[in-house]
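Pasting query.cif here (mmCIF, C-alpha atoms and all ligand atoms):
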data_structure
loop_
_atom_site.label_atom_id
_atom_site.label_comp_id
_atom_site.auth_asym_id
_atom_site.auth_seq_id
_atom_site.Cartn_x
_atom_site.Cartn_y
_atom_site.Cartn_z
CA MET A 1 142.81 -166.18 -98.75
CA SER A 2 142.64 -163.88 -95.78
CA ILE A 3 144.36 -163.51 -92.43
CA THR A 4 142.89 -165.89 -89.85
CA ILE A 5 142.37 -164.92 -86.22
CA LYS A 6 143.34 -167.74 -83.85
CA ASN A 7 141.10 -168.71 -80.93
CA GLU A 8 142.33 -169.60 -77.43
CA SER A 9 142.63 -173.31 -78.15
CA GLU A 10 144.65 -172.67 -81.32
CA ILE A 11 146.82 -170.17 -79.46
CA SER A 12 147.67 -172.77 -76.78
CA LYS A 13 148.76 -175.21 -79.47
CA MET A 14 150.80 -172.51 -81.23
CA ARG A 15 152.53 -171.73 -77.91
CA ILE A 16 153.55 -175.37 -77.61
CA ALA A 17 154.76 -175.63 -81.22
CA GLY A 18 156.70 -172.36 -80.88
CA LYS A 19 158.39 -173.51 -77.69
CA LEU A 20 159.43 -176.80 -79.27
CA ALA A 21 160.95 -175.04 -82.31
CA ALA A 22 162.91 -172.70 -79.99
CA GLU A 23 164.15 -175.68 -77.98
CA VAL A 24 165.59 -177.31 -81.10
CA LEU A 25 167.74 -174.21 -81.72
CA GLU A 26 168.92 -174.38 -78.08
CA MET A 27 169.65 -178.10 -78.33
CA ILE A 28 171.72 -177.83 -81.53
CA GLU A 29 174.00 -174.98 -80.38
CA PRO A 30 176.89 -177.11 -78.95
CA PHE A 31 177.03 -179.17 -82.16
CA VAL A 32 177.64 -176.18 -84.44
CA ILE A 33 181.44 -176.38 -84.45
CA PRO A 34 184.23 -176.64 -87.04
CA GLY A 35 184.25 -180.04 -88.76
CA VAL A 36 180.58 -180.91 -88.39
CA THR A 37 178.56 -181.38 -91.60
CA THR A 38 175.15 -179.82 -92.10
CA ASN A 39 173.81 -183.33 -92.79
CA GLU A 40 174.92 -184.30 -89.27
CA LEU A 41 173.14 -181.24 -87.84
CA ASP A 42 170.04 -182.20 -89.85
CA GLN A 43 170.13 -185.76 -88.49
CA ILE A 44 170.53 -184.59 -84.87
CA CYS A 45 167.62 -182.14 -85.21
CA HIS A 46 165.46 -184.69 -87.02
CA ASP A 47 165.98 -187.33 -84.31
CA TYR A 48 165.36 -184.82 -81.51
CA ILE A 49 162.13 -183.52 -83.08
CA VAL A 50 160.79 -186.98 -83.88
CA ASN A 51 161.96 -188.97 -80.84
CA GLU A 52 162.20 -186.45 -77.96
CA GLN A 53 159.49 -183.99 -78.97
CA GLN A 54 157.19 -186.45 -80.73
CA ALA A 55 156.72 -183.76 -83.32
CA ILE A 56 157.17 -183.51 -87.10
CA PRO A 57 159.94 -181.59 -88.90
CA ALA A 58 157.81 -179.50 -91.26
CA PRO A 59 160.41 -178.92 -94.03
CA LEU A 60 160.85 -182.66 -94.78
CA ASN A 61 159.07 -183.28 -98.10
CA TYR A 62 157.44 -179.83 -97.96
CA ARG A 63 157.01 -179.00 -101.65
CA GLY A 64 159.79 -181.47 -102.33
CA PHE A 65 162.33 -180.10 -99.81
CA PRO A 66 164.54 -183.12 -99.03
CA LYS A 67 165.67 -182.48 -95.42
CA SER A 68 164.27 -181.70 -91.96
CA ILE A 69 165.93 -178.31 -91.41
CA CYS A 70 167.33 -175.48 -93.53
CA THR A 71 171.03 -174.68 -93.16
CA SER A 72 172.20 -171.50 -94.88
CA THR A 73 175.91 -170.66 -94.66
CA ASN A 74 177.79 -167.47 -95.50
CA TYR A 75 176.43 -166.10 -98.81
CA THR A 76 173.40 -168.43 -98.74
CA ILE A 77 170.38 -166.30 -97.89
CA CYS A 78 167.87 -169.03 -96.99
CA HIS A 79 166.55 -172.52 -97.81
CA GLY A 80 170.04 -174.07 -97.84
CA ILE A 81 169.85 -177.87 -98.05
CA PRO A 82 171.96 -179.82 -95.55
CA ASN A 83 174.86 -181.67 -97.21
CA ASP A 84 178.16 -183.43 -96.47
CA LYS A 85 180.34 -180.33 -96.53
CA ARG A 86 182.09 -179.61 -93.23
CA LEU A 87 181.67 -176.29 -91.46
CA LYS A 88 184.92 -174.45 -90.92
CA LYS A 89 186.11 -171.81 -88.47
CA GLY A 90 184.86 -168.38 -89.53
CA ASP A 91 181.65 -169.63 -91.18
CA ILE A 92 178.30 -168.13 -90.23
CA ILE A 93 175.20 -170.29 -90.54
CA ASN A 94 171.48 -169.82 -90.19
CA ILE A 95 169.56 -172.83 -88.93
CA ASP A 96 165.83 -172.62 -89.59
CA ILE A 97 163.58 -174.96 -87.63
CA THR A 98 159.88 -175.57 -88.21
CA VAL A 99 158.05 -178.20 -86.18
CA ILE A 100 154.47 -179.41 -86.30
CA LYS A 101 152.90 -180.48 -83.00
CA ASN A 102 149.20 -181.33 -82.66
CA ASP A 103 148.70 -180.00 -86.22
CA TYR A 104 150.16 -176.54 -85.48
CA HIS A 105 153.45 -175.04 -86.69
CA GLY A 106 156.24 -173.18 -84.88
CA ASP A 107 158.89 -171.53 -87.09
CA THR A 108 162.13 -169.89 -85.94
CA SER A 109 165.74 -169.39 -86.99
CA LYS A 110 168.95 -167.87 -85.72
CA MET A 111 172.55 -167.35 -86.77
CA PHE A 112 175.40 -169.40 -85.32
CA CYS A 113 179.10 -168.55 -85.49
CA VAL A 114 181.50 -171.40 -86.24
CA GLY A 115 184.53 -170.71 -84.07
CA ASP A 116 185.80 -167.14 -84.26
CA ILE A 117 184.28 -165.06 -87.03
CA SER A 118 185.29 -161.76 -88.66
CA GLN A 119 184.20 -158.39 -87.25
CA HIS A 120 182.16 -157.60 -90.37
CA ALA A 121 180.27 -160.90 -90.05
CA LYS A 122 179.60 -160.19 -86.37
CA ARG A 123 178.28 -156.75 -87.19
CA LEU A 124 175.97 -158.14 -89.89
CA ILE A 125 174.57 -160.71 -87.46
CA ASN A 126 174.00 -158.12 -84.71
CA ILE A 127 172.24 -155.66 -87.00
CA THR A 128 170.06 -158.42 -88.50
CA GLN A 129 168.93 -159.53 -85.05
CA GLU A 130 168.20 -155.89 -84.19
CA CYS A 131 166.13 -155.66 -87.40
CA LEU A 132 163.99 -158.59 -86.23
CA MET A 133 163.52 -157.14 -82.74
CA LEU A 134 162.68 -153.66 -84.11
CA GLY A 135 160.13 -155.28 -86.42
CA ILE A 136 158.60 -157.16 -83.49
CA GLU A 137 158.38 -153.94 -81.44
CA GLN A 138 155.97 -152.57 -84.05
CA VAL A 139 153.53 -155.45 -83.56
CA LYS A 140 150.42 -154.28 -81.73
CA PRO A 141 146.71 -154.02 -82.53
CA GLY A 142 146.05 -151.04 -84.80
CA ALA A 143 149.56 -150.88 -86.28
CA THR A 144 150.04 -151.97 -89.89
CA PHE A 145 152.27 -154.48 -91.63
CA GLY A 146 153.96 -151.53 -93.36
CA ASP A 147 155.12 -150.34 -89.93
CA ILE A 148 156.99 -153.61 -89.44
CA GLY A 149 158.61 -153.51 -92.88
CA HIS A 150 159.58 -149.88 -92.51
CA ALA A 151 161.29 -150.35 -89.15
CA ILE A 152 163.32 -153.28 -90.49
CA GLN A 153 164.31 -151.66 -93.78
CA LYS A 154 165.28 -148.38 -92.12
CA HIS A 155 167.59 -150.08 -89.64
CA ALA A 156 169.33 -152.27 -92.25
CA GLU A 157 169.75 -149.50 -94.80
CA SER A 158 171.03 -147.03 -92.20
CA HIS A 159 173.97 -149.44 -91.85
CA ARG A 160 174.28 -149.62 -95.66
CA TYR A 161 173.05 -153.19 -95.77
CA SER A 162 170.28 -154.39 -98.08
CA ILE A 163 167.04 -156.25 -97.44
CA VAL A 164 166.10 -159.28 -99.54
CA ARG A 165 162.67 -158.75 -101.11
CA GLU A 166 161.86 -162.12 -102.66
CA PHE A 167 161.17 -163.87 -99.34
CA CYS A 168 158.83 -162.65 -96.61
CA GLY A 169 157.47 -163.54 -93.23
CA HIS A 170 154.09 -165.27 -93.28
CA GLY A 171 150.98 -166.14 -91.38
CA ILE A 172 151.32 -169.53 -89.71
CA GLY A 173 149.05 -172.01 -87.94
CA LYS A 174 147.70 -175.29 -89.24
CA ASN A 175 149.50 -174.34 -92.43
CA PHE A 176 153.25 -173.66 -92.69
CA HIS A 177 152.63 -170.59 -94.85
CA GLU A 178 149.37 -168.63 -94.57
CA ASP A 179 148.30 -165.06 -95.36
CA PRO A 180 149.59 -162.43 -94.98
CA HIS A 181 152.95 -161.93 -96.66
CA VAL A 182 154.95 -160.02 -94.06
CA MET A 183 157.31 -157.78 -96.01
CA HIS A 184 160.63 -156.70 -94.49
CA PHE A 185 160.50 -153.35 -96.28
CA GLY A 186 157.74 -150.80 -96.70
CA LYS A 187 156.16 -147.61 -95.55
CA THR A 188 154.68 -146.64 -92.19
CA GLY A 189 150.88 -146.88 -92.15
CA GLU A 190 150.66 -148.96 -95.33
CA GLY A 191 149.33 -152.49 -95.63
CA GLU A 192 146.73 -154.33 -93.58
CA VAL A 193 145.94 -153.45 -90.00
CA ILE A 194 147.32 -155.81 -87.34
CA GLU A 195 144.64 -157.38 -85.10
CA VAL A 196 144.57 -159.35 -81.84
CA GLY A 197 144.81 -163.10 -82.45
CA MET A 198 146.86 -162.92 -85.64
CA ILE A 199 149.96 -165.13 -85.67
CA PHE A 200 152.74 -164.60 -88.19
CA THR A 201 156.49 -164.82 -88.59
CA ILE A 202 158.96 -162.01 -89.10
CA GLU A 203 162.20 -163.22 -90.68
CA PRO A 204 164.37 -160.50 -92.24
CA MET A 205 167.23 -161.50 -94.55
CA VAL A 206 169.97 -158.87 -94.63
CA ASN A 207 172.90 -158.75 -97.07
CA ILE A 208 176.20 -156.88 -96.72
CA GLY A 209 176.16 -156.24 -100.48
CA LYS A 210 173.29 -155.82 -102.89
CA ARG A 211 169.83 -157.26 -102.28
CA HIS A 212 169.64 -159.40 -105.43
CA ILE A 213 169.33 -163.14 -105.19
CA LYS A 214 169.96 -166.21 -107.30
CA VAL A 215 168.29 -169.58 -106.74
CA LEU A 216 170.57 -172.55 -107.43
CA LYS A 217 169.61 -175.43 -109.77
CA ASP A 218 168.47 -177.51 -106.80
CA GLY A 219 165.41 -175.22 -106.87
CA TRP A 220 165.82 -174.19 -103.20
CA THR A 221 169.16 -172.67 -102.20
CA ALA A 222 168.94 -168.88 -102.44
CA ILE A 223 172.29 -167.08 -102.53
CA THR A 224 173.32 -163.46 -102.87
CA LYS A 225 173.98 -162.67 -106.54
CA ASP A 226 177.16 -160.79 -105.58
CA ARG A 227 178.13 -163.54 -103.09
CA SER A 228 178.20 -161.09 -100.20
CA LEU A 229 177.43 -162.44 -96.70
CA SER A 230 173.79 -162.72 -95.66
CA ALA A 231 172.13 -163.21 -92.26
CA GLN A 232 168.61 -164.01 -91.04
CA PHE A 233 166.70 -164.34 -87.77
CA GLU A 234 163.08 -165.49 -87.44
CA HIS A 235 160.42 -165.57 -84.74
CA THR A 236 156.75 -166.59 -84.66
CA ILE A 237 154.67 -163.76 -83.13
CA LEU A 238 151.18 -163.66 -81.57
CA VAL A 239 149.33 -160.33 -81.50
CA THR A 240 147.94 -159.68 -77.99
CA PRO A 241 145.78 -156.81 -76.65
CA GLU A 242 148.93 -155.34 -75.06
CA GLY A 243 151.17 -155.77 -78.10
CA ASN A 244 152.72 -159.12 -78.86
CA GLU A 245 154.07 -162.37 -77.51
CA ILE A 246 157.09 -164.07 -79.10
CA LEU A 247 156.07 -167.73 -79.27
CA THR A 248 159.59 -168.92 -80.19
CA LEU A 249 161.60 -167.02 -77.56
CA ARG A 250 164.76 -168.82 -76.35
CA GLN A 251 166.18 -168.79 -72.79
CA GLU A 252 169.14 -166.66 -73.95
CA GLU A 253 166.68 -163.94 -75.05
CA ARG A 254 164.71 -163.77 -71.80
N1 LIG B 301 161.26 -172.18 -92.53
C1 LIG B 301 161.20 -171.43 -93.75
C2 LIG B 301 160.39 -170.20 -93.44
O1 LIG B 301 160.76 -169.54 -92.54
C3 LIG B 301 160.59 -172.18 -94.89
C4 LIG B 301 161.38 -173.31 -95.34
S1 LIG B 301 160.56 -174.08 -96.61
C5 LIG B 301 161.46 -175.47 -96.77
O2 LIG B 301 159.38 -169.89 -93.99
F1 LIG B 301 160.82 -176.25 -97.50
F2 LIG B 301 162.64 -175.13 -97.21
F3 LIG B 301 161.60 -175.99 -95.57
CO CO B 302 159.01 -168.74 -91.76
CO CO B 303 161.61 -170.60 -90.94
#

Output the file's structure as structure tokens, nothing else.
Ligand code: MF3
Ligand code: CO
Ligand code: CO
Amino acid sequence: MSITIKNESEISKMRIAGKLAAEVLEMIEPFVIPGVTTNELDQICHDYIVNEQQAIPAPLNYRGFPKSICTSTNYTICHGIPNDKRLKKGDIINIDITVIKNDYHGDTSKMFCVGDISQHAKRLINITQECLMLGIEQVKPGATFGDIGHAIQKHAESHRYSIVREFCGHGIGKNFHEDPHVMHFGKTGEGEVIEVGMIFTIEPMVNIGKRHIKVLKDGWTAITKDRSLSAQFEHTILVTPEGNEILTLRQEER
């Protein structure tokens, strides 16, 4: 496989898919409160994507994934499966939304705080979001994927956090996951050169403790081996002649 360059018509469809994915995260915000179950959040997102957006929730049945969204709480790193457990005050949760509209994918995630959360959880969330934005700042024609990874790793490690290595960002388009693998660690100037028309996600996972992961017996849920808190943010990015365009930008980020 190799990295595809999207044409104008594909880019228009990716803009639409990205916007829809971002709008699901905006829609779900008021529902993320103490007492709600992640299955309820899954159902609300599923119905919104299918009925309001006339789109498809990409995770559902993707390689056997059983739900329409990923919900990863506290020490879950990513790919958490919605269930009947209730969220409680002080929890942190990543909700990861991927929609398919007119055959193209938009993929984005953010952290939500359930009621008041601890200062150390807040700090983790802030630094993780900064990692994503610093990674995005590197995206321009002529830069390399190593530049993105380096910027992210440097920021996380300078706060004595660790970067998960087993999961990466990815090219995205007609397929959920395409080339390249976008690493969240690396060295400046290494890796492939970034070109106009590429579209890929950046989605750093940052742990308070060590970087090591464990995948639960369900085959999906990835947790920190030391059960330290983990956070993640994700955007879908288009490379433009000037730099980049975030296809999944939310109102709150404008
Ligand atoms: N949305 C995730 C990503 O950012 C992938 C989830 S795969 C699933 O790449 F099957 F769990 F949905
Ligand atoms: Co992704
Ligand atoms: Co995602």

Legend entry - Contacts with ligand CO 302 (chain B) at most 7 Å, only C-alpha atoms and all ligand atoms counted, listed as number ranges by chain: A: 107-108, 169-170, 201, 203, 234

Inset, instruction - Please give me, as a ChimeraX atom specification, the residues lying within 9 Å of ligand CO 303 (chain B) when counting all atoms listed in the file. - result: /A:59,69-70,78-79,95-98,106-109,169,201,203,233-236

Inset, instruction - For Leu87 of chain A, list every protein, DNA or RNA residue within 10 Å, evaluated using all atoms listed in the file, and leave out those in the same chain fewer than 5 positions away; present the list as an MDAnalysis selection string. - result: chainID A and resid 32:38 73 92:93 114:115

Inset, instruction - Measure the distance from atom CA of Cys131 of chain A to atom CA of Ile202 of chain A in Å and round it to one decimal. - result: 9.7 Å

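Note that atom CA of Gly90 of chain A and atom O2 of ligand LIG 301 (chain B) are 25.9 Å apart.
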
Inset, instruction - For Thr221 of chain A, list every protein, DNA or RNA residue within 12 Å, evaluated using only C-alpha atoms, and leave out those in the same chain fewer than 4 positions away; present the list as a PyMOL selection string. - result: chain A and resi 65-66+70-73+75-83+213-217+225

Inset, instruction - With all atoms listed in the file counted, which protein, DNA or RNA residues have an atom no more than 10 Å from (150.9, -180.8, -87.3) in the file frame? Please answer as a ChimeraX atom specification. - result: /A:13,17,55-58,99-106,173-176

Would you write out those residues with C-alpha atoms, as a PDB file, keeping the file's coordinate frame?
ATOM      1  CA  LYS A  13     148.760-175.210 -79.470  1.00  0.00           C
ATOM      2  CA  ALA A  17     154.760-175.630 -81.220  1.00  0.00           C
ATOM      3  CA  ALA A  55     156.720-183.760 -83.320  1.00  0.00           C
ATOM      4  CA  ILE A  56     157.170-183.510 -87.100  1.00  0.00           C
ATOM      5  CA  PRO A  57     159.940-181.590 -88.900  1.00  0.00           C
ATOM      6  CA  ALA A  58     157.810-179.500 -91.260  1.00  0.00           C
ATOM      7  CA  VAL A  99     158.050-178.200 -86.180  1.00  0.00           C
ATOM      8  CA  ILE A 100     154.470-179.410 -86.300  1.00  0.00           C
ATOM      9  CA  LYS A 101     152.900-180.480 -83.000  1.00  0.00           C
ATOM     10  CA  ASN A 102     149.200-181.330 -82.660  1.00  0.00           C
ATOM     11  CA  ASP A 103     148.700-180.000 -86.220  1.00  0.00           C
ATOM     12  CA  TYR A 104     150.160-176.540 -85.480  1.00  0.00           C
ATOM     13  CA  HIS A 105     153.450-175.040 -86.690  1.00  0.00           C
ATOM     14  CA  GLY A 106     156.240-173.180 -84.880  1.00  0.00           C
ATOM     15  CA  GLY A 173     149.050-172.010 -87.940  1.00  0.00           C
ATOM     16  CA  LYS A 174     147.700-175.290 -89.240  1.00  0.00           C
ATOM     17  CA  ASN A 175     149.500-174.340 -92.430  1.00  0.00           C
ATOM     18  CA  PHE A 176     153.250-173.660 -92.690  1.00  0.00           C
TER      19      PHE A 176
END

Work out where the centre of an axis-aligned box around every listed atom of ligand LIG 301 (chain B) lies and how long its edges are once 8 Å is added on each side; give both in Å to one decimal as JSON.
{"center_x": 161.0, "center_y": -172.9, "center_z": -95.0, "size_x": 19.3, "size_y": 22.7, "size_z": 21.0}

Inset, instruction - Name the closest residue to Asn126 of chain A among the candidates A:Cys168, A:Met198, A:Leu25, A:Ala231; distances are taken between atoms, counting all atoms listed in the file. - result: A:Ala231

Legend entry - From A:Val206, A:Ile194, A:Ala151, A:Met183, residue lying nearest Ile163 of chain A [all atoms listed in the file]: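 Using all atoms listed in the file, Ile163 of chain A sits closest to A:Val206.
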
Inset, instruction - Rank nothing, just name the residue among A:Asn39, A:Ser118, A:Ser68, A:Asn244 nearest to ligand LIG 301 (chain B), using all atoms listed in the file. - result: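 Closest candidate: A:Ser68.
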
Inset, instruction - Rank nothing, just name the residue among A:Glu26, A:Glu157, A:Glu253, A:Asp218 nearest to ligand LIG 301 (chain B), using only C-alpha atoms and all ligand atoms. - result: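 Ranking A:Glu26, A:Glu157, A:Glu253, A:Asp218 by distance to ligand LIG 301 (chain B), first place goes to A:Asp218.
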
Legend entry - Nearest to ligand LIG 301 (chain B), chosen from A:Ile152, A:Ile3, A:Val182, A:Val239, with only C-alpha atoms and all ligand atoms counted in the distances: A:Val182

Legend entry - Length of the atom CA of Ala22 of chain A to atom CA of Arg250 of chain A vector [Å]: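 These atoms are spaced 5.6 Å apart.
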